[in-house]
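Novice: Structure supplied as work31.cif; contents: mmCIF, C-alpha atoms and all ligand atoms.
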data_upload
loop_
_atom_site.group_PDB
_atom_site.id
_atom_site.type_symbol
_atom_site.label_atom_id
_atom_site.label_comp_id
_atom_site.auth_asym_id
_atom_site.auth_seq_id
_atom_site.Cartn_x
_atom_site.Cartn_y
_atom_site.Cartn_z
ATOM 1 C CA MET A 1 51.400 -12.337 -43.781
ATOM 2 C CA THR A 2 50.300 -9.512 -41.577
ATOM 3 C CA CYS A 3 51.384 -8.699 -38.078
ATOM 4 C CA ALA A 4 49.109 -5.757 -37.467
ATOM 5 C CA THR A 5 47.391 -6.951 -34.341
ATOM 6 C CA CYS A 6 49.427 -9.856 -33.165
ATOM 7 C CA CYS A 7 52.735 -10.906 -31.822
ATOM 8 C CA SER A 8 55.792 -8.898 -31.209
ATOM 9 C CA GLY A 9 54.205 -5.447 -31.367
ATOM 10 C CA ASP A 10 56.105 -2.415 -32.524
ATOM 11 C CA GLY A 11 57.617 -0.908 -29.393
ATOM 12 C CA PRO A 12 61.360 -0.555 -28.881
ATOM 13 C CA SER A 13 61.621 -4.326 -28.392
ATOM 14 C CA VAL A 14 61.513 -4.751 -32.169
ATOM 15 C CA PHE A 15 65.113 -3.562 -32.236
ATOM 16 C CA LEU A 16 66.387 -5.804 -29.472
ATOM 17 C CA SER A 17 67.181 -9.183 -30.903
ATOM 18 C CA ASN A 18 69.860 -11.528 -29.678
ATOM 19 C CA ASP A 19 71.636 -10.921 -32.943
ATOM 20 C CA ASN A 20 74.346 -8.972 -31.147
ATOM 21 C CA LYS A 21 76.639 -8.477 -34.118
ATOM 22 C CA SER A 22 80.358 -8.298 -33.417
ATOM 23 C CA ILE A 23 80.493 -4.905 -35.155
ATOM 24 C CA TYR A 24 78.381 -3.533 -32.294
ATOM 25 C CA LYS A 25 81.217 -4.310 -29.919
ATOM 26 C CA SER A 26 84.105 -3.415 -32.184
ATOM 27 C CA SER A 27 82.784 -0.112 -33.529
ATOM 28 C CA VAL A 28 83.911 2.306 -30.831
ATOM 29 C CA CYS A 29 85.206 5.843 -30.827
ATOM 30 C CA ASN A 30 88.993 6.098 -30.828
ATOM 31 C CA PRO A 31 90.063 9.305 -29.017
ATOM 32 C CA HIS A 32 93.528 9.057 -30.583
ATOM 33 C CA GLY A 33 92.251 8.612 -34.127
ATOM 34 C CA SER A 34 91.442 11.327 -36.638
ATOM 35 C CA PHE A 35 88.041 13.011 -36.689
ATOM 36 C CA PRO A 36 85.285 12.964 -37.744
ATOM 37 C CA GLN A 37 84.808 9.250 -37.119
ATOM 38 C CA MET A 38 81.934 6.999 -38.114
ATOM 39 C CA ILE A 39 80.530 4.746 -35.383
ATOM 40 C CA VAL A 40 77.950 2.025 -35.901
ATOM 41 C CA ILE A 41 74.874 2.432 -33.706
ATOM 42 C CA PRO A 42 74.075 -0.964 -32.187
ATOM 43 C CA PHE A 43 70.746 -2.752 -32.799
ATOM 44 C CA PHE A 44 69.559 -0.391 -35.530
ATOM 45 C CA LYS A 45 70.733 -2.445 -38.531
ATOM 46 C CA HIS A 46 72.420 0.160 -40.751
ATOM 47 C CA ALA A 47 72.323 3.166 -38.429
ATOM 48 C CA SER A 48 75.471 5.118 -37.752
ATOM 49 C CA GLN A 49 76.767 8.386 -36.408
ATOM 50 C CA ILE A 50 79.585 10.668 -37.463
ATOM 51 C CA VAL A 51 81.221 12.216 -34.416
ATOM 52 C CA PRO A 52 83.518 15.268 -34.128
ATOM 53 C CA ASN A 53 85.162 13.796 -31.010
ATOM 54 C CA CYS A 54 84.346 11.003 -28.528
ATOM 55 C CA HIS A 55 82.219 13.243 -26.289
ATOM 56 C CA PHE A 56 79.403 13.868 -28.793
ATOM 57 C CA TYR A 57 78.103 11.314 -28.280
ATOM 58 C CA PRO A 58 78.969 7.931 -26.854
ATOM 59 C CA LYS A 59 76.922 5.413 -28.818
ATOM 60 C CA TYR A 60 75.037 4.162 -25.756
ATOM 61 C CA LYS A 61 73.578 7.643 -25.366
ATOM 62 C CA THR A 62 72.625 7.888 -29.018
ATOM 63 C CA VAL A 63 71.023 4.470 -29.078
ATOM 64 C CA LEU A 64 68.986 5.244 -25.963
ATOM 65 C CA ALA A 65 67.804 8.438 -27.616
ATOM 66 C CA LEU A 66 66.663 6.456 -30.665
ATOM 67 C CA PHE A 67 64.724 4.059 -28.437
ATOM 68 C CA VAL A 68 63.073 7.018 -26.703
ATOM 69 C CA PHE A 69 62.157 8.529 -30.059
ATOM 70 C CA TYR A 70 60.654 5.303 -31.349
ATOM 71 C CA HIS A 71 58.699 4.673 -28.168
ATOM 72 C CA ASN A 72 57.145 8.124 -28.330
ATOM 73 C CA TRP A 73 56.466 7.893 -32.038
ATOM 74 C CA VAL A 74 54.649 4.577 -31.721
ATOM 75 C CA GLU A 75 52.664 5.770 -28.701
ATOM 76 C CA ASN A 76 51.401 8.756 -30.677
ATOM 77 C CA PHE A 77 51.284 7.673 -34.288
ATOM 78 C CA GLY A 78 51.726 3.907 -34.425
ATOM 79 C CA ASP A 79 54.074 2.543 -37.029
ATOM 80 C CA GLU A 80 52.133 1.060 -39.884
ATOM 81 C CA GLY A 81 54.446 -0.501 -42.435
ATOM 82 C CA PHE A 82 57.329 0.042 -39.996
ATOM 83 C CA ILE A 83 58.180 3.309 -41.702
ATOM 84 C CA ALA A 84 59.563 4.906 -38.546
ATOM 85 C CA ARG A 85 61.445 1.761 -37.652
ATOM 86 C CA LYS A 86 63.072 1.556 -41.084
ATOM 87 C CA THR A 87 63.933 5.236 -40.921
ATOM 88 C CA LEU A 88 65.806 4.727 -37.656
ATOM 89 C CA GLU A 89 67.474 1.579 -38.956
ATOM 90 C CA ASN A 90 68.983 3.532 -41.834
ATOM 91 C CA VAL A 91 69.733 6.863 -40.234
ATOM 92 C CA MET A 92 73.142 8.486 -40.243
ATOM 93 C CA ILE A 93 73.470 11.199 -37.605
ATOM 94 C CA LYS A 94 76.168 13.790 -38.214
ATOM 95 C CA TRP A 95 76.983 15.494 -34.902
ATOM 96 C CA ASP A 96 78.612 18.911 -34.994
ATOM 97 C CA ILE A 97 80.108 21.179 -32.344
ATOM 98 C CA ASN A 98 79.168 24.271 -34.360
ATOM 99 C CA LYS A 99 75.824 25.673 -35.421
ATOM 100 C CA LYS A 100 75.172 26.613 -39.035
ATOM 101 C CA THR A 101 73.464 29.541 -40.693
ATOM 102 C CA SER A 102 70.582 29.018 -43.066
ATOM 103 C CA SER A 103 69.462 31.573 -45.636
ATOM 104 C CA LYS A 104 65.810 30.626 -45.337
ATOM 105 C CA GLY A 105 63.490 28.388 -43.384
ATOM 106 C CA TYR A 106 60.428 28.288 -41.184
ATOM 107 C CA ASP A 107 59.765 28.518 -37.487
ATOM 108 C CA ILE A 108 57.637 25.925 -35.718
ATOM 109 C CA LYS A 109 54.392 27.781 -36.568
ATOM 110 C CA GLY A 110 55.251 27.960 -40.268
ATOM 111 C CA ASN A 111 56.423 31.597 -40.405
ATOM 112 C CA ARG A 112 59.250 32.270 -42.836
ATOM 113 C CA ILE A 113 62.610 33.184 -41.341
ATOM 114 C CA LYS A 114 65.836 34.303 -43.035
ATOM 115 C CA ASN A 115 69.555 34.100 -42.283
ATOM 116 C CA HIS A 116 69.108 32.440 -38.940
ATOM 117 C CA LYS A 117 71.243 30.076 -36.910
ATOM 118 C CA ILE A 118 70.160 26.466 -37.223
ATOM 119 C CA ILE A 119 70.820 23.541 -34.896
ATOM 120 C CA GLY A 120 69.728 20.681 -37.130
ATOM 121 C CA ARG A 121 68.896 19.829 -40.711
ATOM 122 C CA VAL A 122 67.776 16.898 -42.819
ATOM 123 C CA GLU A 123 70.366 16.369 -45.549
ATOM 124 C CA SER A 124 68.941 13.369 -47.403
ATOM 125 C CA ASP A 125 66.517 10.464 -46.968
ATOM 126 C CA THR A 126 68.864 8.964 -44.386
ATOM 127 C CA ILE A 127 71.226 11.711 -43.214
ATOM 128 C CA ILE A 128 70.566 14.325 -40.560
ATOM 129 C CA TRP A 129 72.972 16.947 -39.324
ATOM 130 C CA VAL A 130 72.581 17.869 -35.652
ATOM 131 C CA TRP A 131 74.399 20.443 -33.502
ATOM 132 C CA LYS A 132 75.521 18.917 -30.186
ATOM 133 C CA GLY A 133 72.920 20.783 -28.149
ATOM 134 C CA TYR A 134 72.879 23.184 -25.213
ATOM 135 C CA ASP A 135 74.743 22.032 -22.071
ATOM 136 C CA ASN A 136 76.185 19.161 -24.136
ATOM 137 C CA LYS A 137 72.959 17.180 -23.776
ATOM 138 C CA ILE A 138 71.112 15.206 -26.437
ATOM 139 C CA SER A 139 67.858 16.330 -24.782
ATOM 140 C CA GLU A 140 68.847 19.938 -25.564
ATOM 141 C CA SER A 141 69.732 19.185 -29.165
ATOM 142 C CA ALA A 142 67.485 19.017 -32.208
ATOM 143 C CA LEU A 143 67.842 15.241 -32.580
ATOM 144 C CA MET A 144 64.181 14.447 -31.806
ATOM 145 C CA HIS A 145 63.054 17.298 -34.084
ATOM 146 C CA GLU A 146 65.160 16.157 -37.035
ATOM 147 C CA LEU A 147 64.040 12.556 -36.605
ATOM 148 C CA VAL A 148 60.449 13.755 -36.927
ATOM 149 C CA HIS A 149 61.341 15.504 -40.205
ATOM 150 C CA LEU A 150 63.132 12.403 -41.457
ATOM 151 C CA THR A 151 60.241 10.088 -40.589
ATOM 152 C CA LEU A 152 57.720 12.453 -42.206
ATOM 153 C CA ARG A 153 59.927 12.498 -45.285
ATOM 154 C CA ALA A 154 59.787 8.709 -45.402
ATOM 155 C CA LYS A 155 56.021 8.837 -44.887
ATOM 156 C CA TYR A 156 54.927 11.656 -47.189
ATOM 157 C CA GLY A 157 57.771 12.024 -49.661
ATOM 158 C CA LYS A 158 60.644 14.315 -50.359
ATOM 159 C CA HIS A 159 59.980 17.465 -48.363
ATOM 160 C CA GLY A 160 59.736 16.248 -44.750
ATOM 161 C CA ASP A 161 57.504 19.209 -43.972
ATOM 162 C CA PRO A 162 59.974 22.082 -43.479
ATOM 163 C CA ASP A 163 57.269 24.527 -42.348
ATOM 164 C CA HIS A 164 56.267 22.376 -39.379
ATOM 165 C CA GLU A 165 52.798 23.385 -38.166
ATOM 166 C CA GLY A 166 52.359 25.731 -41.115
ATOM 167 C CA HIS A 167 50.069 24.687 -43.959
ATOM 168 C CA LYS A 168 52.293 24.977 -47.005
ATOM 169 C CA TYR A 169 53.581 21.438 -46.589
ATOM 170 C CA ARG A 170 51.693 18.503 -45.218
ATOM 171 C CA GLY A 171 52.666 16.146 -42.416
ATOM 172 C CA TRP A 172 53.742 17.995 -39.267
ATOM 173 C CA GLU A 173 50.940 18.480 -36.751
ATOM 174 C CA PRO A 174 50.898 20.074 -33.272
ATOM 175 C CA LYS A 175 50.986 16.524 -31.950
ATOM 176 C CA HIS A 176 54.486 16.090 -33.390
ATOM 177 C CA THR A 177 55.647 19.210 -31.556
ATOM 178 C CA TRP A 178 54.097 17.866 -28.374
ATOM 179 C CA MET A 179 55.693 14.471 -28.904
ATOM 180 C CA ILE A 180 59.129 16.079 -29.141
ATOM 181 C CA THR A 181 58.559 17.801 -25.792
ATOM 182 C CA GLN A 182 57.585 14.485 -24.205
ATOM 183 C CA ALA A 183 60.552 12.661 -25.710
ATOM 184 C CA LYS A 184 62.950 15.340 -24.472
ATOM 185 C CA GLN A 185 61.545 15.007 -20.954
ATOM 186 C CA MET A 186 62.247 11.283 -21.096
ATOM 187 C CA LEU A 187 65.795 11.962 -22.289
ATOM 188 C CA ARG A 188 66.313 14.311 -19.328
ATOM 189 C CA SER A 189 65.066 11.592 -16.968
ATOM 190 C CA LEU A 190 67.791 9.364 -18.381
ATOM 191 C CA GLY A 191 70.394 12.085 -17.855
ATOM 192 C CA LEU A 192 70.880 12.452 -21.590
HETATM 193 ZN ZN ZN A 201 62.370 21.718 -38.395
#
Could you take the file, read its structure, and then write that structure out as structure tokens?
Ligand SMILES: [Zn+2]
Specialist:
Amino acid sequence: MTCATCCSGDGPSVFLSNDNKSIYKSSVCNPHGSFPQMIVIPFFKHASQIVPNCHFYPKYKTVLALFVFYHNWVENFGDEGFIARKTLENVMIKWDINKKTSSKGYDIKGNRIKNHKIIGRVESDTIIWVWKGYDNKISESALMHELVHLTLRAKYGKHGDPDHEGHKYRGWEPKHTWMITQAKQMLRSLGL
């Protein structure tokens, strides 16, 4: 059966069922517990986040950010085969209060860079590491950027297009860069 042109569509509503699992309510950050802690992200099946403390980030902020990402992705690229949806439903976001250093990588135009500070990284098919962001805001973090890499990885295979708009790897187009800007503006409108 196909659902390409009918019914429920593929906007953020696909995540909002009345199946409000009890784990969604019970999985909360415990400020007196040990860290890092793993918190289940509600409505995204198997999604979770690892937090360094209860400030980065409350799950309602993270889940809103995922909705914003999916909305923008679908608006720009559609979601044939629900690849983006499945990616979000399986993601594990590892928040960090510190940046990391990477020995090599690429800037957004595909130029090689070495020994630079990084603020996000894809670690596997389902895991992304993300620095908390400037001004302690998700909108000023690399979350949207890393989710693009992760979705491209699900779409085109292993690499996830590390050189962005460069031409060594395939997948990332200027439209993805633009989409991230739009998504971040929406996050700022939500105070995230
Ligand atoms: Zn990147």
Novice: Write as a list in words the residues around ligand ZN 201 (chain A), taking 8 Å as the cut-off and counting only C-alpha atoms and all ligand atoms.
Specialist: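 With only C-alpha atoms and all ligand atoms and a cut-off of 8 Å, ligand ZN 201 (chain A) is contacted by Tyr106, Asp107, Ile108, Gly120, Arg121, His145, Glu146, His149, Asp161, Pro162, Asp163 and His164 of chain A.
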Novice: For the file shown, report as a ChimeraX atom specification the outcome of the PyMOL selection byres (((chain A and resi 102) around 6) and not hetatm) at residue level.
Specialist: /A:101,103-104,115-116
Novice: A:Val122, A:Ile50, A:Ala84, A:Ala65: which is nearest Ile97 in chain A, counting only C-alpha atoms?
Specialist: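 So, comparing all the options, the nearest one is A:Ile50.
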Novice: Find the residue from A:Asp79, A:His71, A:Lys168, A:Asn136 that sits nearest to Arg112 in chain A; use only C-alpha atoms when measuring.
Specialist: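 That would be A:Lys168, the residue with the smallest distance to Arg112 in chain A.
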Novice: Residue by residue, what does the PyMOL selection byres (((chain A and resi 20-26) around 8) and not hetatm) grab here? Present the result as a PyMOL selection string.
Specialist: chain A and resi 17-19+27-28+40-43
Novice: Take the residues from that selection and write them out as a compact mmCIF listing (two decimals), in the coordinates of the input, keeping C-alpha atoms.
Specialist:
# COMPACT_ATOMS: atom_id res chain seq x y z
CA SER A 17 67.18 -9.18 -30.90
CA ASN A 18 69.86 -11.53 -29.68
CA ASP A 19 71.64 -10.92 -32.94
CA SER A 27 82.78 -0.11 -33.53
CA VAL A 28 83.91 2.31 -30.83
CA VAL A 40 77.95 2.02 -35.90
CA ILE A 41 74.87 2.43 -33.71
CA PRO A 42 74.08 -0.96 -32.19
CA PHE A 43 70.75 -2.75 -32.80
